[in-house]
Structures are given as structure tokens and as C-alpha cells.
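Listing of protein_12.csv, CSV, C-alpha atoms
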chain,number,residue,atom,x,y,z
A,1,MET,CA,-18.5,21.2,-73.7
A,2,ARG,CA,-19.5,24.5,-72.1
A,3,ARG,CA,-22.3,24.2,-69.6
A,4,LYS,CA,-25.5,26.0,-70.1
A,5,ILE,CA,-25.7,27.7,-66.7
A,6,PRO,CA,-26.6,31.3,-66.0
A,7,SER,CA,-24.2,33.5,-64.2
A,8,THR,CA,-24.0,33.2,-60.4
A,9,THR,CA,-24.6,36.9,-60.0
A,10,ALA,CA,-27.8,36.6,-61.9
A,11,LEU,CA,-29.0,33.7,-59.9
A,12,ILE,CA,-28.2,35.4,-56.6
A,13,SER,CA,-30.0,38.5,-57.7
A,14,PHE,CA,-33.0,36.5,-58.8
A,15,GLU,CA,-33.2,34.5,-55.6
A,16,ALA,CA,-33.1,37.7,-53.5
A,17,ALA,CA,-35.7,39.5,-55.6
A,18,ALA,CA,-38.0,36.4,-55.6
A,19,ARG,CA,-37.7,36.0,-51.8
A,20,HIS,CA,-38.5,39.7,-51.2
A,21,GLN,CA,-40.9,40.1,-54.2
A,22,SER,CA,-39.1,43.4,-54.6
A,23,PHE,CA,-36.1,44.5,-56.8
A,24,THR,CA,-35.5,47.4,-54.3
A,25,LYS,CA,-35.2,45.2,-51.3
A,26,ALA,CA,-33.0,42.7,-53.2
A,27,ALA,CA,-30.7,45.6,-54.1
A,28,ASP,CA,-30.5,46.7,-50.5
A,29,GLU,CA,-29.6,43.2,-49.3
A,30,LEU,CA,-27.0,42.7,-52.0
A,31,ALA,CA,-25.5,46.2,-51.8
A,32,LEU,CA,-26.3,46.8,-55.5
A,33,THR,CA,-28.4,49.4,-57.3
A,34,GLN,CA,-31.9,48.7,-58.3
A,35,SER,CA,-31.0,49.1,-61.9
A,36,ALA,CA,-28.2,46.5,-61.5
A,37,ILE,CA,-30.8,44.0,-60.1
A,38,CYS,CA,-33.1,44.8,-63.1
A,39,ARG,CA,-30.3,44.2,-65.6
A,40,GLN,CA,-29.3,40.9,-64.0
A,41,ILE,CA,-32.9,39.6,-64.0
A,42,ALA,CA,-33.6,40.8,-67.5
A,43,GLY,CA,-30.4,39.0,-68.6
A,44,LEU,CA,-31.5,35.8,-66.8
A,45,GLU,CA,-35.0,36.0,-68.5
A,46,ALA,CA,-33.3,36.4,-71.9
A,47,PHE,CA,-31.0,33.4,-71.1
A,48,LEU,CA,-33.9,31.2,-70.1
A,49,GLY,CA,-36.4,32.5,-72.7
A,50,ILE,CA,-39.2,32.9,-70.1
A,51,GLU,CA,-40.7,35.7,-68.1
A,52,LEU,CA,-39.9,35.4,-64.4
A,53,PHE,CA,-41.6,38.5,-63.1
A,54,ARG,CA,-44.7,40.5,-64.0
A,55,ARG,CA,-43.9,44.2,-63.7
A,56,SER,CA,-46.5,46.8,-62.8
A,57,ARG,CA,-46.7,50.3,-61.2
A,58,ARG,CA,-47.3,48.6,-57.9
A,59,GLY,CA,-44.1,46.5,-58.1
A,60,VAL,CA,-43.2,43.0,-59.3
A,61,LYS,CA,-44.7,39.6,-58.9
A,62,LEU,CA,-43.4,36.2,-59.7
A,63,THR,CA,-44.9,34.4,-62.7
A,64,GLU,CA,-45.8,30.7,-62.2
A,65,ALA,CA,-42.6,29.7,-64.0
A,66,GLY,CA,-40.7,32.2,-61.9
A,67,LEU,CA,-42.1,30.8,-58.6
A,68,SER,CA,-41.1,27.2,-59.6
A,69,TYR,CA,-37.7,28.3,-60.7
A,70,SER,CA,-37.0,30.4,-57.6
A,71,ARG,CA,-37.6,27.4,-55.3
A,72,ARG,CA,-35.1,25.3,-57.3
A,73,VAL,CA,-32.5,28.1,-57.4
A,74,ALA,CA,-32.9,28.7,-53.6
A,75,ALA,CA,-32.3,25.0,-52.8
A,76,GLN,CA,-29.2,24.9,-55.0
A,77,LEU,CA,-27.7,28.1,-53.6
A,78,ASP,CA,-28.3,26.7,-50.1
A,79,ALA,CA,-26.4,23.6,-51.0
A,80,VAL,CA,-23.5,25.5,-52.5
A,81,GLU,CA,-23.3,27.7,-49.4
A,82,ARG,CA,-23.3,24.6,-47.1
A,83,ASP,CA,-20.5,23.0,-49.1
A,84,ALA,CA,-18.5,26.2,-48.9
A,85,LEU,CA,-19.0,26.6,-45.2
A,86,ALA,CA,-18.0,22.9,-44.7
A,87,VAL,CA,-14.7,23.5,-46.6
A,88,MET,CA,-14.0,26.8,-44.8
A,89,GLY,CA,-14.7,25.3,-41.4
A,90,GLN,CA,-12.2,22.4,-41.7
A,91,PRO,CA,-9.3,23.4,-44.0
A,92,GLY,CA,-7.1,20.4,-44.6
A,93,ALA,CA,-9.1,18.1,-42.2
A,94,GLY,CA,-11.0,15.0,-42.9
A,95,SER,CA,-14.8,14.7,-42.5
A,96,LEU,CA,-17.3,11.9,-42.5
A,97,GLU,CA,-20.9,12.1,-43.6
A,98,LEU,CA,-22.8,9.5,-41.7
A,99,ALA,CA,-26.4,8.5,-41.9
A,100,VAL,CA,-27.9,7.1,-38.7
A,101,VAL,CA,-31.2,5.8,-37.5
A,102,PRO,CA,-32.4,8.8,-35.4
A,103,THR,CA,-33.0,7.4,-31.9
A,104,PHE,CA,-29.9,5.3,-32.0
A,105,GLY,CA,-27.9,8.3,-33.1
A,106,THR,CA,-29.1,10.6,-30.3
A,107,GLN,CA,-29.4,8.1,-27.5
A,108,TRP,CA,-26.4,5.8,-28.1
A,109,LEU,CA,-23.9,7.3,-30.6
A,110,LEU,CA,-23.8,11.0,-29.6
A,111,PRO,CA,-23.1,10.4,-25.9
A,112,ARG,CA,-20.0,8.4,-27.0
A,113,LEU,CA,-18.9,10.5,-30.0
A,114,LYS,CA,-16.8,12.9,-28.0
A,115,GLN,CA,-14.4,10.0,-27.3
A,116,PHE,CA,-13.8,9.6,-31.0
A,117,GLN,CA,-13.3,13.3,-31.5
A,118,THR,CA,-10.8,13.3,-28.7
A,119,LEU,CA,-8.8,10.5,-30.3
A,120,ASN,CA,-9.2,12.0,-33.8
A,121,PRO,CA,-9.4,15.8,-33.5
A,122,GLN,CA,-8.7,16.3,-37.2
A,123,VAL,CA,-11.9,14.4,-38.2
A,124,THR,CA,-15.4,16.0,-38.3
A,125,VAL,CA,-18.4,13.6,-38.1
A,126,ASN,CA,-21.6,15.0,-39.6
A,127,LEU,CA,-24.8,13.1,-38.9
A,128,THR,CA,-27.9,12.8,-41.1
A,129,ASN,CA,-31.1,10.9,-40.2
A,130,ARG,CA,-32.0,8.0,-42.4
A,131,THR,CA,-34.3,5.1,-41.4
A,132,ARG,CA,-34.1,2.9,-44.4
A,133,PRO,CA,-31.5,1.7,-47.0
A,134,PHE,CA,-30.7,4.0,-49.9
A,135,LEU,CA,-28.3,4.2,-52.8
A,136,PHE,CA,-25.0,5.6,-51.7
A,137,ALA,CA,-24.1,6.6,-55.2
A,138,ASP,CA,-27.0,9.1,-55.1
A,139,THR,CA,-25.7,10.8,-52.0
A,140,GLU,CA,-22.6,12.4,-50.5
A,141,LEU,CA,-22.8,10.0,-47.5
A,142,ASP,CA,-19.7,7.9,-46.5
A,143,ALA,CA,-21.4,5.3,-44.4
A,144,ALA,CA,-24.6,4.5,-42.5
A,145,ILE,CA,-25.7,3.0,-39.2
A,146,TYR,CA,-29.0,1.3,-39.7
A,147,PHE,CA,-31.2,-1.5,-38.2
A,148,GLY,CA,-31.8,-4.5,-40.4
A,149,ASP,CA,-30.4,-7.8,-41.6
A,150,ALA,CA,-27.2,-6.4,-43.2
A,151,ASP,CA,-28.6,-7.2,-46.7
A,152,TRP,CA,-27.6,-4.0,-48.5
A,153,SER,CA,-26.2,-4.3,-52.0
A,154,GLY,CA,-22.7,-2.9,-52.7
A,155,THR,CA,-21.7,-2.5,-49.0
A,156,GLU,CA,-19.6,-4.1,-46.3
A,157,ALA,CA,-21.6,-4.8,-43.1
A,158,TYR,CA,-20.1,-4.5,-39.5
A,159,PHE,CA,-22.3,-5.8,-36.7
A,160,LEU,CA,-22.7,-3.4,-33.7
A,161,MET,CA,-25.5,-4.9,-31.5
A,162,SER,CA,-28.8,-6.6,-31.5
A,163,GLU,CA,-32.0,-5.3,-30.0
A,164,ASN,CA,-33.8,-6.6,-26.9
A,165,LEU,CA,-37.3,-5.2,-26.7
A,166,LEU,CA,-39.0,-4.7,-23.3
A,167,PRO,CA,-42.6,-3.5,-22.7
A,168,VAL,CA,-42.5,-0.1,-21.1
A,169,CYS,CA,-45.2,2.4,-20.1
A,170,SER,CA,-46.0,5.4,-17.9
A,171,PRO,CA,-46.0,4.5,-14.2
A,172,ALA,CA,-49.6,5.7,-14.1
A,173,LEU,CA,-50.6,2.7,-16.2
A,174,LEU,CA,-49.3,0.3,-13.6
A,175,ASP,CA,-51.6,1.7,-11.0
A,176,GLU,CA,-51.0,-0.3,-7.8
A,177,HIS,CA,-49.2,-3.1,-9.6
A,178,LYS,CA,-45.4,-3.4,-9.6
A,179,GLN,CA,-45.6,-5.1,-13.0
A,180,LEU,CA,-48.3,-6.3,-15.4
A,181,SER,CA,-48.9,-9.8,-16.6
A,182,ALA,CA,-48.8,-10.6,-20.3
A,183,GLU,CA,-52.6,-11.0,-20.2
A,184,GLN,CA,-53.0,-7.5,-18.7
A,185,ILE,CA,-50.7,-6.0,-21.3
A,186,ALA,CA,-52.8,-7.6,-24.0
A,187,ASN,CA,-55.8,-5.6,-22.9
A,188,LEU,CA,-53.9,-2.2,-23.0
A,189,PRO,CA,-53.5,0.0,-26.1
A,190,LEU,CA,-50.4,-1.4,-27.9
A,191,LEU,CA,-48.1,1.2,-29.4
A,192,GLN,CA,-46.6,-0.1,-32.6
A,193,GLN,CA,-43.2,0.6,-34.2
A,194,SER,CA,-43.7,0.8,-38.0
A,195,THR,CA,-40.4,-0.7,-38.9
A,196,ARG,CA,-40.9,-3.6,-36.4
A,197,PRO,CA,-44.5,-4.5,-37.3
A,198,TYR,CA,-44.4,-8.0,-35.8
A,199,ALA,CA,-42.7,-7.1,-32.5
A,200,TRP,CA,-45.7,-7.4,-30.3
A,201,ARG,CA,-46.8,-10.7,-32.0
A,202,GLN,CA,-43.3,-12.1,-31.3
A,203,TRP,CA,-43.4,-11.0,-27.7
A,204,PHE,CA,-46.8,-12.5,-27.0
A,205,ASN,CA,-46.1,-15.7,-29.0
A,206,ALA,CA,-42.9,-16.3,-27.0
A,207,GLN,CA,-45.0,-16.5,-23.9
A,208,GLY,CA,-47.6,-18.9,-25.5
A,209,LEU,CA,-50.2,-16.2,-26.1
A,210,ASN,CA,-52.2,-15.6,-29.2
A,211,VAL,CA,-53.5,-12.0,-29.1
A,212,PRO,CA,-55.8,-11.1,-32.1
A,213,ARG,CA,-55.1,-7.4,-31.7
A,214,ASP,CA,-51.3,-7.7,-31.4
A,215,MET,CA,-50.8,-5.7,-34.6
A,216,SER,CA,-53.4,-3.0,-33.8
A,217,GLY,CA,-52.7,0.4,-32.4
A,218,PRO,CA,-51.1,3.7,-33.5
A,219,ARG,CA,-47.9,3.3,-35.4
A,220,TYR,CA,-44.8,5.5,-35.0
A,221,GLU,CA,-41.6,5.4,-37.1
A,222,LEU,CA,-39.1,6.3,-34.4
A,223,PHE,CA,-38.5,4.9,-30.9
A,224,SER,CA,-38.4,8.5,-29.6
A,225,MET,CA,-42.0,8.9,-30.8
A,226,LEU,CA,-43.0,5.6,-29.1
A,227,ALA,CA,-41.3,6.8,-25.8
A,228,GLN,CA,-43.2,10.1,-25.9
A,229,ALA,CA,-46.5,8.4,-26.5
A,230,ALA,CA,-45.9,5.9,-23.7
A,231,MET,CA,-44.9,8.7,-21.3
A,232,HIS,CA,-48.2,10.5,-22.1
A,233,GLU,CA,-50.2,7.3,-21.1
A,234,MET,CA,-51.2,6.6,-24.7
A,235,GLY,CA,-50.4,2.9,-24.3
A,236,ILE,CA,-47.6,0.5,-23.8
A,237,ALA,CA,-44.5,0.2,-26.1
A,238,LEU,CA,-41.8,-2.3,-26.8
A,239,ILE,CA,-38.5,-0.4,-26.7
A,240,PRO,CA,-34.8,-1.4,-26.2
A,241,PRO,CA,-33.9,-0.1,-22.7
A,242,PHE,CA,-30.6,1.4,-24.0
A,243,LEU,CA,-32.6,3.9,-26.0
A,244,ILE,CA,-34.6,5.2,-23.0
A,245,GLN,CA,-32.0,5.0,-20.2
A,246,ARG,CA,-32.7,8.6,-19.0
A,247,GLU,CA,-36.5,8.1,-19.1
A,248,LEU,CA,-36.2,4.9,-17.0
A,249,ALA,CA,-33.7,6.5,-14.5
A,250,GLU,CA,-36.0,9.5,-14.0
A,251,GLY,CA,-39.1,7.3,-13.6
A,252,ARG,CA,-41.0,8.8,-16.6
A,253,LEU,CA,-41.1,5.3,-18.0
A,254,VAL,CA,-41.1,2.0,-16.2
A,255,ILE,CA,-40.7,-1.6,-17.3
A,256,ALA,CA,-44.1,-3.2,-17.3
A,257,HIS,CA,-42.9,-6.8,-17.6
A,258,GLN,CA,-39.4,-8.3,-17.3
A,259,TYR,CA,-39.6,-10.6,-20.4
A,260,SER,CA,-37.7,-9.3,-23.4
A,261,VAL,CA,-37.6,-10.5,-26.9
A,262,GLN,CA,-34.5,-10.4,-29.0
A,263,SER,CA,-34.9,-9.3,-32.6
A,264,ASP,CA,-33.4,-11.4,-35.3
A,265,LYS,CA,-32.0,-8.2,-36.8
A,266,GLY,CA,-29.4,-5.8,-35.5
A,267,TYR,CA,-27.7,-2.5,-35.8
A,268,TYR,CA,-24.9,-2.4,-38.4
A,269,LEU,CA,-22.4,0.0,-39.8
A,270,MET,CA,-22.7,-0.2,-43.5
A,271,VAL,CA,-19.8,1.0,-45.6
A,272,PRO,CA,-20.0,1.2,-49.4
A,273,GLN,CA,-17.4,-1.0,-51.0
A,274,ARG,CA,-15.8,2.0,-52.8
A,275,LYS,CA,-15.2,3.6,-49.4
A,276,VAL,CA,-13.7,0.6,-47.6
A,277,GLU,CA,-10.1,1.8,-48.1
A,278,SER,CA,-10.7,5.3,-46.7
A,279,ALA,CA,-8.3,5.8,-43.8
A,280,THR,CA,-10.7,8.3,-42.1
A,281,LEU,CA,-13.6,5.8,-42.4
A,282,GLN,CA,-11.4,3.0,-41.1
A,283,ALA,CA,-10.5,5.0,-38.0
A,284,PHE,CA,-14.1,5.6,-37.3
A,285,ARG,CA,-15.1,2.0,-38.0
A,286,ASP,CA,-12.5,0.6,-35.7
A,287,TRP,CA,-13.5,3.0,-32.9
A,288,LEU,CA,-17.2,2.3,-33.4
A,289,LEU,CA,-16.7,-1.5,-33.3
A,290,GLY,CA,-14.7,-1.2,-30.1
A,291,ALA,CA,-17.3,1.0,-28.5
A,292,ALA,CA,-20.1,-1.4,-29.5
A,293,ALA,CA,-18.2,-4.5,-28.3
A,294,GLU,CA,-17.6,-2.8,-24.9
A,295,TYR,CA,-21.3,-2.0,-24.7
A,296,ARG,CA,-22.4,-5.5,-25.6
A,297,GLN,CA,-20.1,-7.0,-22.9
A,298,GLN,CA,-21.5,-4.6,-20.3
A,299,ALA,CA,-25.1,-5.2,-21.3
A,300,GLY,CA,-24.9,-8.9,-22.1
A,301,ILE,CA,-26.2,-8.4,-25.6
A,302,ASN,CA,-25.4,-11.2,-28.2
A,303,PRO,CA,-25.3,-11.1,-32.0
A,304,PRO,CA,-28.6,-12.0,-33.8
A,305,SER,CA,-29.0,-15.7,-34.5
Entire entry expressed as C-alpha cells:
Amino acid sequence: MRRKIPSTTALISFEAAARHQSFTKAADELALTQSAICRQIAGLEAFLGIELFRRSRRGVKLTEAGLSYSRRVAAQLDAVERDALAVMGQPGAGSLELAVVPTFGTQWLLPRLKQFQTLNPQVTVNLTNRTRPFLFADTELDAAIYFGDADWSGTEAYFLMSENLLPVCSPALLDEHKQLSAEQIANLPLLQQSTRPYAWRQWFNAQGLNVPRDMSGPRYELFSMLAQAAMHEMGIALIPPFLIQRELAEGRLVIAHQYSVQSDKGYYLMVPQRKVESATLQAFRDWLLGAAAEYRQQAGINPPS
């Protein structure tokens, strides 16, 4: 069945004219005549059965329908361009579209990814931020690294590492103390991680403390946001040390108390079952599991119980 889609030339002409709010400027950008732009847009309006522009002596202006359609067309043309550039950039090579939880991706994965690229120069790994599970069937993603309990329908889970949370803060909050007691920490502003809402409660309870305000305080979705807030003396945060190694080394953050609490969840590589046999994905999986095992051994991190 023939698709009911306008011509690409008409859509490109419309997107340029809508962006510039001018047929003349669109013609200059596309190296066409103004009359050619007019014909393309008139043909598109006839195809759609709606008016996209209002014409006057002062120029053209998008109608409400034209404005709505221009946004959709621009988004689709951008997607087509990205796909074309991706194919042009890696002719005949493999690529992986990987979703990652942001701070883990920037602080742990990216510093090690060059090793994978050296071993597999024919593979390009593209990273996209995702913090929560999603339907792989609705995306072009090949796999995901996420933090959770590995309960993700339609996927195979591969454990990478668990998470040990330590209280950290700006050195200014320590004042003359080398470290703070749990009771002192309980009286400071507690910075909360929105995807770990019970972290502070678990930390205090593990030390026999019941702190009524353990779930109070500003909430941030990313550990990178927590780290920034803590560095700016907004409070104290529970963060895995491996995600803030540079901040700790440079003294912008300090460990306020040596007790750490291990989460009952972990970081996993999640591979949709339909992608398990992919040779490119298998190569990445094997490398990632090896890198994670090496890190766990060095850091003394155990799987979640």
C-alpha cells in the first residue's frame, strides 16, 4: 500500500520557511528560487488540506496548524539526518546504542571505554541517558546499564557491581572536626537521592538511630547533582565513592563518617532477549563484565545479598 507521505522536498522547504518565517530566506538557504519555495508549500497545503501560512503584503506567518506541524516536521527531519550521519560515519562497521544511568556513565564507564574501543575498533558505542526501565521495543537501544534489582521484563541481566553509600560533604561543614558522629550528621541538612528514598533511613538504622527527619531535605535525581549540592555546602549526601573519586582526591568533598551502607540493589547490564545473540553486543558484554569484575576485586565490592 502506498504511504500517504508528502514529498521530502516539500517538507524541507516548509521546515526552512517555518524556521525563518520567510519564503525568501528559505529560498536562499536551500539555493532555490522564491517561486519554487512557494510552489512546494502550496503543494504541501493542497496535500494536507490545510493552510500552513497566512500571506500578507508584509510577508508570511505560520497558522496555528502550521506551527504545530512545523515542530513535528523539524523533529522528524532531525532524526532522519542523525540516522544518515550515523551510517555515513561508520560504513560497514558495527555500532551499539547503549542507555546508561548518567553519573555511572560519565564517572565509571567513560574512563574505561577507550579500552573497549582499542580492542574493538570496528565498533562505535553511542551513549544515551536513561535513569529508569523502559520498553526496548519502543526504542533503537541495544542494551542498558541501570541501577535496580534486575527485574526487567524481556531482558537478560548481568550483574556489574553493588553500591556502597558513604556520607560526604564540603570540608567547610566539618569545621575543626576530622569526622562527624552519626548524631551530628542527623542535625545537618540531608541531601536526598530521589531514586534511593530510604538511603538515609537505612544508614541511620544500621547504627541504631531513629531519625524522624531522615527522609526530609531537597531531592535530586542524579548523584552528580548531589555532589554539586554537597560541594556548595547545601548539606550532606550519601554517595558511592567510586562516583566522586576526583572530588575526593581534590578535597572538594570529604568523607564525613566512615560507615557505609550497601544497597540491596546493584548496577546491571540489561540486554533484551532478542539481542542476546548479537556478536557485537556479546563482545561489549564480555568486556564490560571483565572490567566490572576487575573493579569489584580492587574495591572489595560484593554482589547484593
ask   = Contacts of Leu135 (chain A) at 10 Å or less, counting only C-alpha atoms, minus same-chain residues fewer than 4 places along, as number ranges by chain?
value = A: 139, 141, 152-154, 272
inquiry  = For a quick check of understanding, using all atoms listed in the file, which of A:Met215, A:Leu253, A:Leu11, A:Ala84 has the smallest distance to Leu52 (chain A)?
reply    = A:Leu11
inquiry  = Using only C-alpha atoms, can you tell me which of A:Asp214, A:Glu221, A:Glu277, A:Glu163 comes closest to Gln262 (chain A)?
reply    =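 That would be A:Glu163, the residue with the smallest distance to Gln262 (chain A).
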ask   = Contacts of region 110-123 of chain A at 9 Å or less, counting all atoms listed in the file, minus same-chain residues fewer than 2 places along, as a list in words?
value =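 Answer for this query is Gln90, Gly92, Ala93, Gly94, Ser95, Leu96, Phe104, Gly105, Thr106, Gln107, Trp108, Val125, Thr280, Ala283, Phe284, Trp287, Leu288 and Ala291 of chain A.
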Distance query region 34-38 of chain A at most 9 Å, all atoms listed in the file, self and fewer than 5 positions along chain excluded, as a PDB file with C-alpha atoms, keeping the file's coordinate frame:
ATOM      1  CA  ALA A  10     -27.800  36.600 -61.900  1.00  0.00           C
ATOM      2  CA  SER A  13     -30.000  38.500 -57.700  1.00  0.00           C
ATOM      3  CA  PHE A  14     -33.000  36.500 -58.800  1.00  0.00           C
ATOM      4  CA  ALA A  17     -35.700  39.500 -55.600  1.00  0.00           C
ATOM      5  CA  PHE A  23     -36.100  44.500 -56.800  1.00  0.00           C
ATOM      6  CA  THR A  24     -35.500  47.400 -54.300  1.00  0.00           C
ATOM      7  CA  LYS A  25     -35.200  45.200 -51.300  1.00  0.00           C
ATOM      8  CA  ALA A  26     -33.000  42.700 -53.200  1.00  0.00           C
ATOM      9  CA  ALA A  27     -30.700  45.600 -54.100  1.00  0.00           C
ATOM     10  CA  ASP A  28     -30.500  46.700 -50.500  1.00  0.00           C
ATOM     11  CA  GLY A  43     -30.400  39.000 -68.600  1.00  0.00           C
TER      12      GLY A  43
END
query = Quick one, how far is CA of Met270 (chain A) from CA of Tyr158 (chain A)?
reply = 6.4 Å
Show which residues sit within 10 Å of Lys178 (chain A), as a PDB file with C-alpha atoms, in the coordinates of the input. Count all atoms listed in the file, and ignore same-chain residues fewer than 4 positions away.
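Dumped to out-v5.pdb:
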ATOM      1  CA  PRO A 171     -46.000   4.500 -14.200  1.00  0.00           C
ATOM      2  CA  LEU A 174     -49.300   0.300 -13.600  1.00  0.00           C
ATOM      3  CA  VAL A 254     -41.100   2.000 -16.200  1.00  0.00           C
ATOM      4  CA  ILE A 255     -40.700  -1.600 -17.300  1.00  0.00           C
ATOM      5  CA  ALA A 256     -44.100  -3.200 -17.300  1.00  0.00           C
ATOM      6  CA  HIS A 257     -42.900  -6.800 -17.600  1.00  0.00           C
TER       7      HIS A 257
END
inquiry  = Counting all atoms listed in the file, which residue out of A:Ala16, A:Leu85, A:Ala42, A:Leu191 sits closest to Cys169 (chain A)?
reply    = A:Leu191
query = What is the CA of Val261 (chain A)-CA of Leu165 (chain A) distance in Å, reported with one decimal?
reply =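 Distance reported for this atom pair: 5.3 Å.
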ask   = For the atom pair CA of Ile236 (chain A) and CA of Ser170 (chain A), what is the interatomic distance in Å to one decimal place?
value = 7.8 Å
ask   = Quick one: of A:Ile244, A:Ile12, A:Ala18, A:Ile185, who's nearest to Thr103 (chain A), counting all atoms listed in the file?
value =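 Nearest candidate to Thr103 (chain A) out of A:Ile244, A:Ile12, A:Ala18, A:Ile185: A:Ile244.
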task = Please provide as a PyMOL selection string all residues within 10 Å of Thr195 (chain A), with the sequence filter that same-chain residues fewer than 4 positions apart are discarded (counting all atoms listed in the file).
result = chain A and resi 131-132+147-148+199+219-223
key: Which residue of A:Pro218, A:Gly49, A:Pro212, A:Gly59 approaches Gln192 (chain A) most closely, using all atoms listed in the file   =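 Comparing A:Pro218, A:Gly49, A:Pro212, A:Gly59 against Gln192 (chain A), the winner is A:Pro218.
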request  = Name the residues within 8 Å of (-23.5, 16.8, -42.7), counting all atoms listed in the file in the file's coordinates, and put them as number ranges by chain.
outcome  = A: 96-98, 125-128
Selecting C-alpha atoms, how would region 14-56 of chain A from this structure be written as a PDB file, in the first residue's frame?
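And here is the file that came out, result-v5.pdb:
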ATOM      1  CA  PHE A  14       8.317  24.022   4.609  1.00  0.00           C
ATOM      2  CA  GLU A  15      10.670  23.463   7.567  1.00  0.00           C
ATOM      3  CA  ALA A  16      13.072  26.138   6.315  1.00  0.00           C
ATOM      4  CA  ALA A  17      10.275  28.617   5.608  1.00  0.00           C
ATOM      5  CA  ALA A  18       8.702  27.964   9.010  1.00  0.00           C
ATOM      6  CA  ARG A  19      12.026  28.398  10.811  1.00  0.00           C
ATOM      7  CA  HIS A  20      12.789  31.687   9.049  1.00  0.00           C
ATOM      8  CA  GLN A  21       9.157  32.865   8.803  1.00  0.00           C
ATOM      9  CA  SER A  22      10.165  33.847   5.294  1.00  0.00           C
ATOM     10  CA  PHE A  23       9.951  32.246   1.856  1.00  0.00           C
ATOM     11  CA  THR A  24      12.829  34.421   0.643  1.00  0.00           C
ATOM     12  CA  LYS A  25      15.241  33.346   3.388  1.00  0.00           C
ATOM     13  CA  ALA A  26      14.225  29.705   2.922  1.00  0.00           C
ATOM     14  CA  ALA A  27      14.982  30.010  -0.788  1.00  0.00           C
ATOM     15  CA  ASP A  28      18.420  31.489  -0.043  1.00  0.00           C
ATOM     16  CA  GLU A  29      19.230  28.694   2.423  1.00  0.00           C
ATOM     17  CA  LEU A  30      18.171  25.913   0.047  1.00  0.00           C
ATOM     18  CA  ALA A  31      19.602  27.539  -3.107  1.00  0.00           C
ATOM     19  CA  LEU A  32      16.156  27.645  -4.725  1.00  0.00           C
ATOM     20  CA  THR A  33      14.053  30.444  -6.141  1.00  0.00           C
ATOM     21  CA  GLN A  34      11.342  32.033  -4.059  1.00  0.00           C
ATOM     22  CA  SER A  35       8.746  30.845  -6.555  1.00  0.00           C
ATOM     23  CA  ALA A  36       9.994  27.253  -6.130  1.00  0.00           C
ATOM     24  CA  ILE A  37       9.506  27.522  -2.356  1.00  0.00           C
ATOM     25  CA  CYS A  38       6.019  28.939  -2.923  1.00  0.00           C
ATOM     26  CA  ARG A  39       5.123  26.033  -5.232  1.00  0.00           C
ATOM     27  CA  GLN A  40       6.403  23.429  -2.797  1.00  0.00           C
ATOM     28  CA  ILE A  41       4.455  24.882   0.126  1.00  0.00           C
ATOM     29  CA  ALA A  42       1.321  25.384  -1.930  1.00  0.00           C
ATOM     30  CA  GLY A  43       1.551  21.745  -2.989  1.00  0.00           C
ATOM     31  CA  LEU A  44       2.041  20.659   0.613  1.00  0.00           C
ATOM     32  CA  GLU A  45      -1.000  22.670   1.741  1.00  0.00           C
ATOM     33  CA  ALA A  46      -3.074  21.076  -1.016  1.00  0.00           C
ATOM     34  CA  PHE A  47      -1.834  17.614   0.001  1.00  0.00           C
ATOM     35  CA  LEU A  48      -2.694  18.200   3.661  1.00  0.00           C
ATOM     36  CA  GLY A  49      -5.889  20.126   3.018  1.00  0.00           C
ATOM     37  CA  ILE A  50      -4.927  22.873   5.498  1.00  0.00           C
ATOM     38  CA  GLU A  51      -3.430  26.345   5.366  1.00  0.00           C
ATOM     39  CA  LEU A  52       0.083  26.427   6.823  1.00  0.00           C
ATOM     40  CA  PHE A  53       0.880  30.111   6.293  1.00  0.00           C
ATOM     41  CA  ARG A  54      -1.081  33.333   6.210  1.00  0.00           C
ATOM     42  CA  ARG A  55       0.136  35.560   3.377  1.00  0.00           C
ATOM     43  CA  SER A  56       0.106  39.351   3.519  1.00  0.00           C
TER      44      SER A  56
END
